[in-house]
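K.L.:
Could you have a look at this structure, given as structure tokens, before my questions?
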Number of protein chains: 2
Amino acid sequence: MANIYDPDTFQPREGLGYVLARARKTYILALEQELAPHDINSSQWAVILNLADGHAGTAGELCKVMRYNPGAMTRLLDRLEEKGFIRRTRTEADRRTIQLELTPAGKALRPRIVQALANVLNRLLEGFSPDEIRQLQSLLGRLASNG
Amino acid sequence: MANIYDPDTFQPREGLGYVLARARKTYILALEQELAPHDINSSQWAVILNLADGHAGTAGELCKVMRYNPGAMTRLLDRLEEKGFIRRTRTEADRRTIQLELTPAGKALRPRIVQALANVLNRLLEGFSPDEIRQLQSLLGRLASNG
DNA sequence: TGACAATAGTTGCATAGGCAAGTAAATTTG
DNA sequence: CAAATTTACTTGCCTATGCAACTATTGTCA
């Protein structure tokens, strides 16, 4: 099952990478447009959601979950703190780590983000059958797992 | 076929956006690793390919094809010119536009890029049947067209 | 034709992210 | 238990990208 694409005949424009990039860009652009009124960008909403849903509670965990750089994460969190969406508290048990919490304003953001995500997906998946959506999701999941 | 995702019950972690982001990140990371030895990044290879394959011949065309910002494009081209991969020539017929050409070094890059793309895809699509690849590609294409 | 608009590209400014070095706290180990 | 290592986060520096303002050139049309 290796050697699906042969470098001698492979036309990048017709390869999977190309549509993947196109699809991703379409998705990101739509999402940013949808979230602009709330004054948060694509990285910031992901942090809010991960905190709100308990997928991460510290900067390090966020980095893992989001495959994000620690330095960049510090600054991302700085911005969210400035905007009053999160709070940092040094953990007593292990004073290296910093516990992250959503402020009320941060929590209030969650339903809006979820709404925005649903709006975008509903629009981009117009014409897809439930089965096709499941397939797309499963195929992408397998691709990601091959990383 | 609208309202596929209901904001009240929608779990972003299980939505399509999430796997799409994961798949894209996996792809980009793999590709950058593969291209690092050639001293070009993900934006730069796309320019080289688009020029090599005649999909664009000027900065403006590249911006359209790549959905890229004109200001950023200028600087991207600056870097490629510094590295000796492209050449800029002001068009005589319309002195506003600048014709872009690959230098021999730039042309030499194409097969390496294609090889890298094929390598990455072959690895990430391990375990996929030809039919599954066609499906994935078609579904992503439809999603992108809904933008 | 002469003012106005449109187009192609560039530059300044601001934000974002990666990498590597640095700091502080905890853990391991000899 | 002191030194070395590891972990968690931060900071400095560099590159990348978007936006808006600007220049130069071409096109429109009254």
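Labels used: A, B, ... for chains in the order of the structure tokens, numbers from 1 for residues in each chain, and numbers from 1 for ligands as shown.
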Report as a VMD selection string the set of chain B residues whose atoms approach chain A to within 7 Å, with distances computed over only C-alpha atoms.
P.N.:
chain B and resid 1 to 7 12 16 19 to 20 22 to 24 26 114 to 115 118 122 124 to 127 136 to 137 139 to 141 143 to 144 146 to 147
K.L.:
Output C-alpha atoms for every residue in that selection, as a compact mmCIF listing (two decimals), in the first residue's frame.
P.N.:
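Once written, part21.txt looks like this:
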```
# COMPACT_ATOMS: atom_id res chain seq x y z
CA MET B 1 -29.20 19.48 4.51
CA ALA B 2 -28.40 22.55 6.65
CA ASN B 3 -28.24 22.31 10.47
CA ILE B 4 -26.03 19.30 10.56
CA TYR B 5 -24.51 20.45 13.81
CA ASP B 6 -26.78 21.77 16.55
CA PRO B 7 -24.98 24.35 18.75
CA PRO B 12 -16.23 20.63 18.90
CA LEU B 16 -15.01 17.86 11.52
CA VAL B 19 -9.78 16.41 12.57
CA LEU B 20 -9.30 18.77 9.67
CA ARG B 22 -5.14 17.78 13.02
CA ALA B 23 -4.74 16.33 9.55
CA ARG B 24 -3.50 19.62 8.16
CA THR B 26 0.29 16.53 10.51
CA VAL B 114 7.52 16.84 -6.00
CA GLN B 115 9.49 14.00 -4.49
CA ALA B 118 4.95 12.30 -2.85
CA ASN B 122 2.65 8.08 0.57
CA LEU B 124 0.32 9.64 5.50
CA LEU B 125 -1.93 7.60 3.22
CA GLU B 126 -0.51 4.29 4.29
CA GLY B 127 -3.37 1.84 4.66
CA LEU B 136 -11.24 11.80 0.62
CA GLN B 137 -10.09 14.03 -2.17
CA LEU B 139 -15.13 15.21 -0.20
CA LEU B 140 -12.47 17.79 0.65
CA GLY B 141 -12.92 19.36 -2.75
CA LEU B 143 -16.05 21.27 1.24
CA ALA B 144 -13.60 23.78 -0.21
CA ASN B 146 -18.67 25.60 -0.38
CA GLY B 147 -16.44 28.46 0.87
```
K.L.:
Wanna dump the chain A-chain D contacts at 8 Å for me, each residue with its shortest atom pair and the distance in Å to one decimal, counting only C-alpha atoms (C1' of nucleotides), ordered by chain and number, as CSV?
P.N.:
```
residue,atom,partner,partner_atom,distance
A:Ala59,CA,D:DC9,C1',7.8
A:Gly60,CA,D:DA8,C1',7.0
A:Pro70,CA,D:DC9,C1',7.7
A:Gly71,CA,D:DT10,C1',7.2
A:Thr74,CA,D:DT10,C1',7.1
A:Arg96,CA,D:DA8,C1',5.3
A:Thr97,CA,D:DA8,C1',5.5
```
K.L.:
Can you superpose chain A onto chain B by least squares over all C-alpha atoms paired in order and give the moved copy as a JSON list (two decimals) with C-alpha atoms, in the first residue's frame?
P.N.:
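Written file, result-v7.json:
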```json
[["chain", "number", "residue", "atom", "x", "y", "z"],
["A", 1, "MET", "CA", -29.31, 19.45, 4.59],
["A", 2, "ALA", "CA", -28.49, 22.51, 6.71],
["A", 3, "ASN", "CA", -28.25, 22.28, 10.54],
["A", 4, "ILE", "CA", -26.03, 19.27, 10.63],
["A", 5, "TYR", "CA", -24.49, 20.41, 13.88],
["A", 6, "ASP", "CA", -26.73, 21.70, 16.63],
["A", 7, "PRO", "CA", -24.94, 24.26, 18.84],
["A", 8, "ASP", "CA", -26.68, 22.86, 21.92],
["A", 9, "THR", "CA", -25.27, 19.38, 21.56],
["A", 10, "PHE", "CA", -22.24, 19.95, 19.37],
["A", 11, "GLN", "CA", -18.94, 18.70, 20.82],
["A", 12, "PRO", "CA", -16.17, 20.56, 18.95],
["A", 13, "ARG", "CA", -13.64, 17.89, 19.82],
["A", 14, "GLU", "CA", -15.68, 15.42, 17.82],
["A", 15, "GLY", "CA", -16.49, 17.76, 14.97],
["A", 16, "LEU", "CA", -15.00, 17.84, 11.54],
["A", 17, "GLY", "CA", -13.02, 21.03, 12.14],
["A", 18, "TYR", "CA", -10.95, 19.29, 14.74],
["A", 19, "VAL", "CA", -9.77, 16.40, 12.57],
["A", 20, "LEU", "CA", -9.32, 18.77, 9.67],
["A", 21, "ALA", "CA", -6.94, 20.88, 11.76],
["A", 22, "ARG", "CA", -5.14, 17.77, 13.00],
["A", 23, "ALA", "CA", -4.75, 16.34, 9.52],
["A", 24, "ARG", "CA", -3.51, 19.62, 8.15],
["A", 25, "LYS", "CA", -0.98, 20.08, 10.95],
["A", 26, "THR", "CA", 0.29, 16.55, 10.51],
["A", 27, "TYR", "CA", 0.71, 17.16, 6.80],
["A", 28, "ILE", "CA", 2.49, 20.50, 7.21],
["A", 29, "LEU", "CA", 4.87, 19.21, 9.87],
["A", 30, "ALA", "CA", 5.78, 16.19, 7.75],
["A", 31, "LEU", "CA", 6.31, 18.36, 4.72],
["A", 32, "GLU", "CA", 8.48, 20.91, 6.48],
["A", 33, "GLN", "CA", 10.66, 18.16, 7.83],
["A", 34, "GLU", "CA", 10.99, 16.73, 4.35],
["A", 35, "LEU", "CA", 11.83, 20.08, 2.76],
["A", 36, "ALA", "CA", 14.14, 21.45, 5.45],
["A", 37, "PRO", "CA", 17.31, 20.15, 3.71],
["A", 38, "HIS", "CA", 16.42, 22.24, 0.65],
["A", 39, "ASP", "CA", 16.20, 25.49, 2.60],
["A", 40, "ILE", "CA", 12.59, 26.28, 1.66],
["A", 41, "ASN", "CA", 9.42, 26.43, 3.70],
["A", 42, "SER", "CA", 5.78, 25.60, 2.95],
["A", 43, "SER", "CA", 4.93, 28.90, 1.30],
["A", 44, "GLN", "CA", 8.07, 28.99, -0.78],
["A", 45, "TRP", "CA", 7.67, 25.57, -2.35],
["A", 46, "ALA", "CA", 4.15, 26.45, -3.41],
["A", 47, "VAL", "CA", 5.47, 29.48, -5.29],
["A", 48, "ILE", "CA", 8.17, 27.44, -7.02],
["A", 49, "LEU", "CA", 5.65, 24.83, -8.10],
["A", 50, "ASN", "CA", 3.09, 27.31, -9.33],
["A", 51, "LEU", "CA", 5.72, 29.04, -11.42],
["A", 52, "ALA", "CA", 7.23, 25.79, -12.68],
["A", 53, "ASP", "CA", 3.86, 24.44, -13.72],
["A", 54, "GLY", "CA", 2.65, 27.63, -15.34],
["A", 55, "HIS", "CA", -0.22, 28.22, -12.91],
["A", 56, "ALA", "CA", 1.00, 31.77, -12.34],
["A", 57, "GLY", "CA", 3.53, 34.14, -13.85],
["A", 58, "THR", "CA", 3.18, 37.31, -11.78],
["A", 59, "ALA", "CA", 2.88, 38.24, -8.11],
["A", 60, "GLY", "CA", -0.80, 39.02, -8.48],
["A", 61, "GLU", "CA", -1.57, 35.68, -10.03],
["A", 62, "LEU", "CA", 0.30, 33.92, -7.27],
["A", 63, "CYS", "CA", -1.75, 35.83, -4.69],
["A", 64, "LYS", "CA", -4.97, 34.66, -6.30],
["A", 65, "VAL", "CA", -3.89, 31.06, -6.71],
["A", 66, "MET", "CA", -2.49, 30.83, -3.21],
["A", 67, "ARG", "CA", -5.02, 33.14, -1.55],
["A", 68, "TYR", "CA", -2.08, 35.05, -0.20],
["A", 69, "ASN", "CA", -1.68, 38.66, 0.86],
["A", 70, "PRO", "CA", 0.04, 40.94, -1.71],
["A", 71, "GLY", "CA", 2.32, 42.50, 0.90],
["A", 72, "ALA", "CA", 3.38, 39.14, 2.19],
["A", 73, "MET", "CA", 3.86, 37.94, -1.37],
["A", 74, "THR", "CA", 6.28, 40.76, -2.17],
["A", 75, "ARG", "CA", 8.46, 39.70, 0.71],
["A", 76, "LEU", "CA", 8.11, 36.02, -0.04],
["A", 77, "LEU", "CA", 9.38, 36.77, -3.55],
["A", 78, "ASP", "CA", 12.16, 38.94, -2.13],
["A", 79, "ARG", "CA", 13.42, 35.95, -0.18],
["A", 80, "LEU", "CA", 13.22, 33.60, -3.13],
["A", 81, "GLU", "CA", 15.06, 36.14, -5.24],
["A", 82, "GLU", "CA", 17.78, 36.53, -2.61],
["A", 83, "LYS", "CA", 18.19, 32.78, -2.56],
["A", 84, "GLY", "CA", 18.56, 32.86, -6.33],
["A", 85, "PHE", "CA", 15.51, 30.72, -7.13],
["A", 86, "ILE", "CA", 13.50, 33.32, -9.08],
["A", 87, "ARG", "CA", 14.09, 36.39, -11.22],
["A", 88, "ARG", "CA", 11.85, 39.46, -11.61],
["A", 89, "THR", "CA", 11.54, 41.28, -14.92],
["A", 90, "ARG", "CA", 9.28, 44.25, -15.48],
["A", 91, "THR", "CA", 6.91, 43.51, -18.34],
["A", 92, "GLU", "CA", 7.33, 45.89, -21.27],
["A", 93, "ALA", "CA", 3.72, 45.78, -22.42],
["A", 94, "ASP", "CA", 2.37, 46.67, -18.98],
["A", 95, "ARG", "CA", 5.02, 48.24, -16.83],
["A", 96, "ARG", "CA", 3.01, 47.76, -13.63],
["A", 97, "THR", "CA", 3.31, 44.01, -13.67],
["A", 98, "ILE", "CA", 6.45, 42.05, -13.04],
["A", 99, "GLN", "CA", 7.10, 38.81, -14.84],
["A", 100, "LEU", "CA", 8.41, 36.03, -12.64],
["A", 101, "GLU", "CA", 10.79, 33.35, -13.87],
["A", 102, "LEU", "CA", 12.53, 30.46, -12.21],
["A", 103, "THR", "CA", 16.31, 30.49, -12.37],
["A", 104, "PRO", "CA", 18.07, 27.19, -13.18],
["A", 105, "ALA", "CA", 18.47, 26.69, -9.43],
["A", 106, "GLY", "CA", 14.74, 27.27, -9.02],
["A", 107, "LYS", "CA", 13.89, 24.83, -11.77],
["A", 108, "ALA", "CA", 16.18, 22.25, -10.23],
["A", 109, "LEU", "CA", 14.10, 22.48, -7.09],
["A", 110, "ARG", "CA", 10.89, 21.25, -8.69],
["A", 111, "PRO", "CA", 11.64, 17.52, -8.83],
["A", 112, "ARG", "CA", 12.84, 17.60, -5.24],
["A", 113, "ILE", "CA", 9.68, 19.30, -4.08],
["A", 114, "VAL", "CA", 7.51, 16.86, -6.00],
["A", 115, "GLN", "CA", 9.49, 14.01, -4.50],
["A", 116, "ALA", "CA", 8.98, 15.45, -1.02],
["A", 117, "LEU", "CA", 5.25, 15.86, -1.58],
["A", 118, "ALA", "CA", 4.93, 12.32, -2.86],
["A", 119, "ASN", "CA", 6.93, 10.97, 0.09],
["A", 120, "VAL", "CA", 4.74, 12.72, 2.60],
["A", 121, "LEU", "CA", 1.48, 11.68, 0.98],
["A", 122, "ASN", "CA", 2.62, 8.11, 0.56],
["A", 123, "ARG", "CA", 3.45, 7.96, 4.22],
["A", 124, "LEU", "CA", 0.29, 9.66, 5.47],
["A", 125, "LEU", "CA", -1.95, 7.63, 3.20],
["A", 126, "GLU", "CA", -0.54, 4.32, 4.25],
["A", 127, "GLY", "CA", -3.39, 1.87, 4.62],
["A", 128, "PHE", "CA", -5.72, 3.79, 2.31],
["A", 129, "SER", "CA", -7.22, 2.09, -0.70],
["A", 130, "PRO", "CA", -7.15, 4.00, -4.01],
["A", 131, "ASP", "CA", -10.87, 4.36, -3.67],
["A", 132, "GLU", "CA", -10.64, 5.88, -0.23],
["A", 133, "ILE", "CA", -8.10, 8.39, -1.48],
["A", 134, "ARG", "CA", -10.38, 9.42, -4.31],
["A", 135, "GLN", "CA", -13.25, 9.78, -1.86],
["A", 136, "LEU", "CA", -11.26, 11.84, 0.60],
["A", 137, "GLN", "CA", -10.12, 14.09, -2.18],
["A", 138, "SER", "CA", -13.59, 14.52, -3.59],
["A", 139, "LEU", "CA", -15.17, 15.25, -0.20],
["A", 140, "LEU", "CA", -12.50, 17.82, 0.66],
["A", 141, "GLY", "CA", -12.95, 19.41, -2.73],
["A", 142, "ARG", "CA", -16.67, 19.78, -2.16],
["A", 143, "LEU", "CA", -16.08, 21.29, 1.26],
["A", 144, "ALA", "CA", -13.63, 23.82, -0.18],
["A", 145, "SER", "CA", -16.10, 24.75, -2.90],
["A", 146, "ASN", "CA", -18.72, 25.62, -0.30],
["A", 147, "GLY", "CA", -16.48, 28.46, 0.93]]
```
K.L.:
Could you go through chain A and tell me which residues DSSP, when run on the backbone, assigns to helix (DSSP H, G or I), listing them as JSON, numbers by chain?
P.N.:
{"A": [12, 13, 14, 16, 17, 18, 19, 20, 21, 22, 23, 24, 25, 26, 27, 28, 29, 30, 31, 32, 33, 34, 35, 36, 37, 38, 42, 43, 44, 45, 46, 47, 48, 49, 50, 51, 52, 59, 60, 61, 62, 63, 64, 65, 66, 70, 71, 72, 73, 74, 75, 76, 77, 78, 79, 80, 81, 82, 104, 105, 106, 107, 108, 109, 110, 111, 112, 113, 114, 115, 116, 117, 118, 119, 120, 121, 122, 123, 124, 130, 131, 132, 133, 134, 135, 136, 137, 138, 139, 140, 141, 142, 143, 144, 145]}
K.L.:
List every residue of chain A that DSSP, applied to the backbone, labels as strand (DSSP E or B), and write the result as a ChimeraX atom specification.
P.N.:
/A:58,86-90,98-102
K.L.:
Taking only C-alpha atoms (C1' of nucleotides) into account, find every residue of chain C that has an atom no more than 9 Å from chain B, and write it out as a PDB file with C-alpha atoms (C1' of nucleotides), in the first residue's frame.
P.N.:
```pdb
ATOM      1  C1'  DT C   7      -4.732  47.739 -11.060  1.00  0.00           C
ATOM      2  C1'  DA C   8       0.094  45.942  -9.726  1.00  0.00           C
ATOM      3  C1'  DG C   9       3.208  46.035  -6.696  1.00  0.00           C
ATOM      4  C1'  DT C  10       5.781  47.876  -2.515  1.00  0.00           C
ATOM      5  C1'  DT C  11       6.522  49.625   2.219  1.00  0.00           C
TER       6       DT C  11
END
```
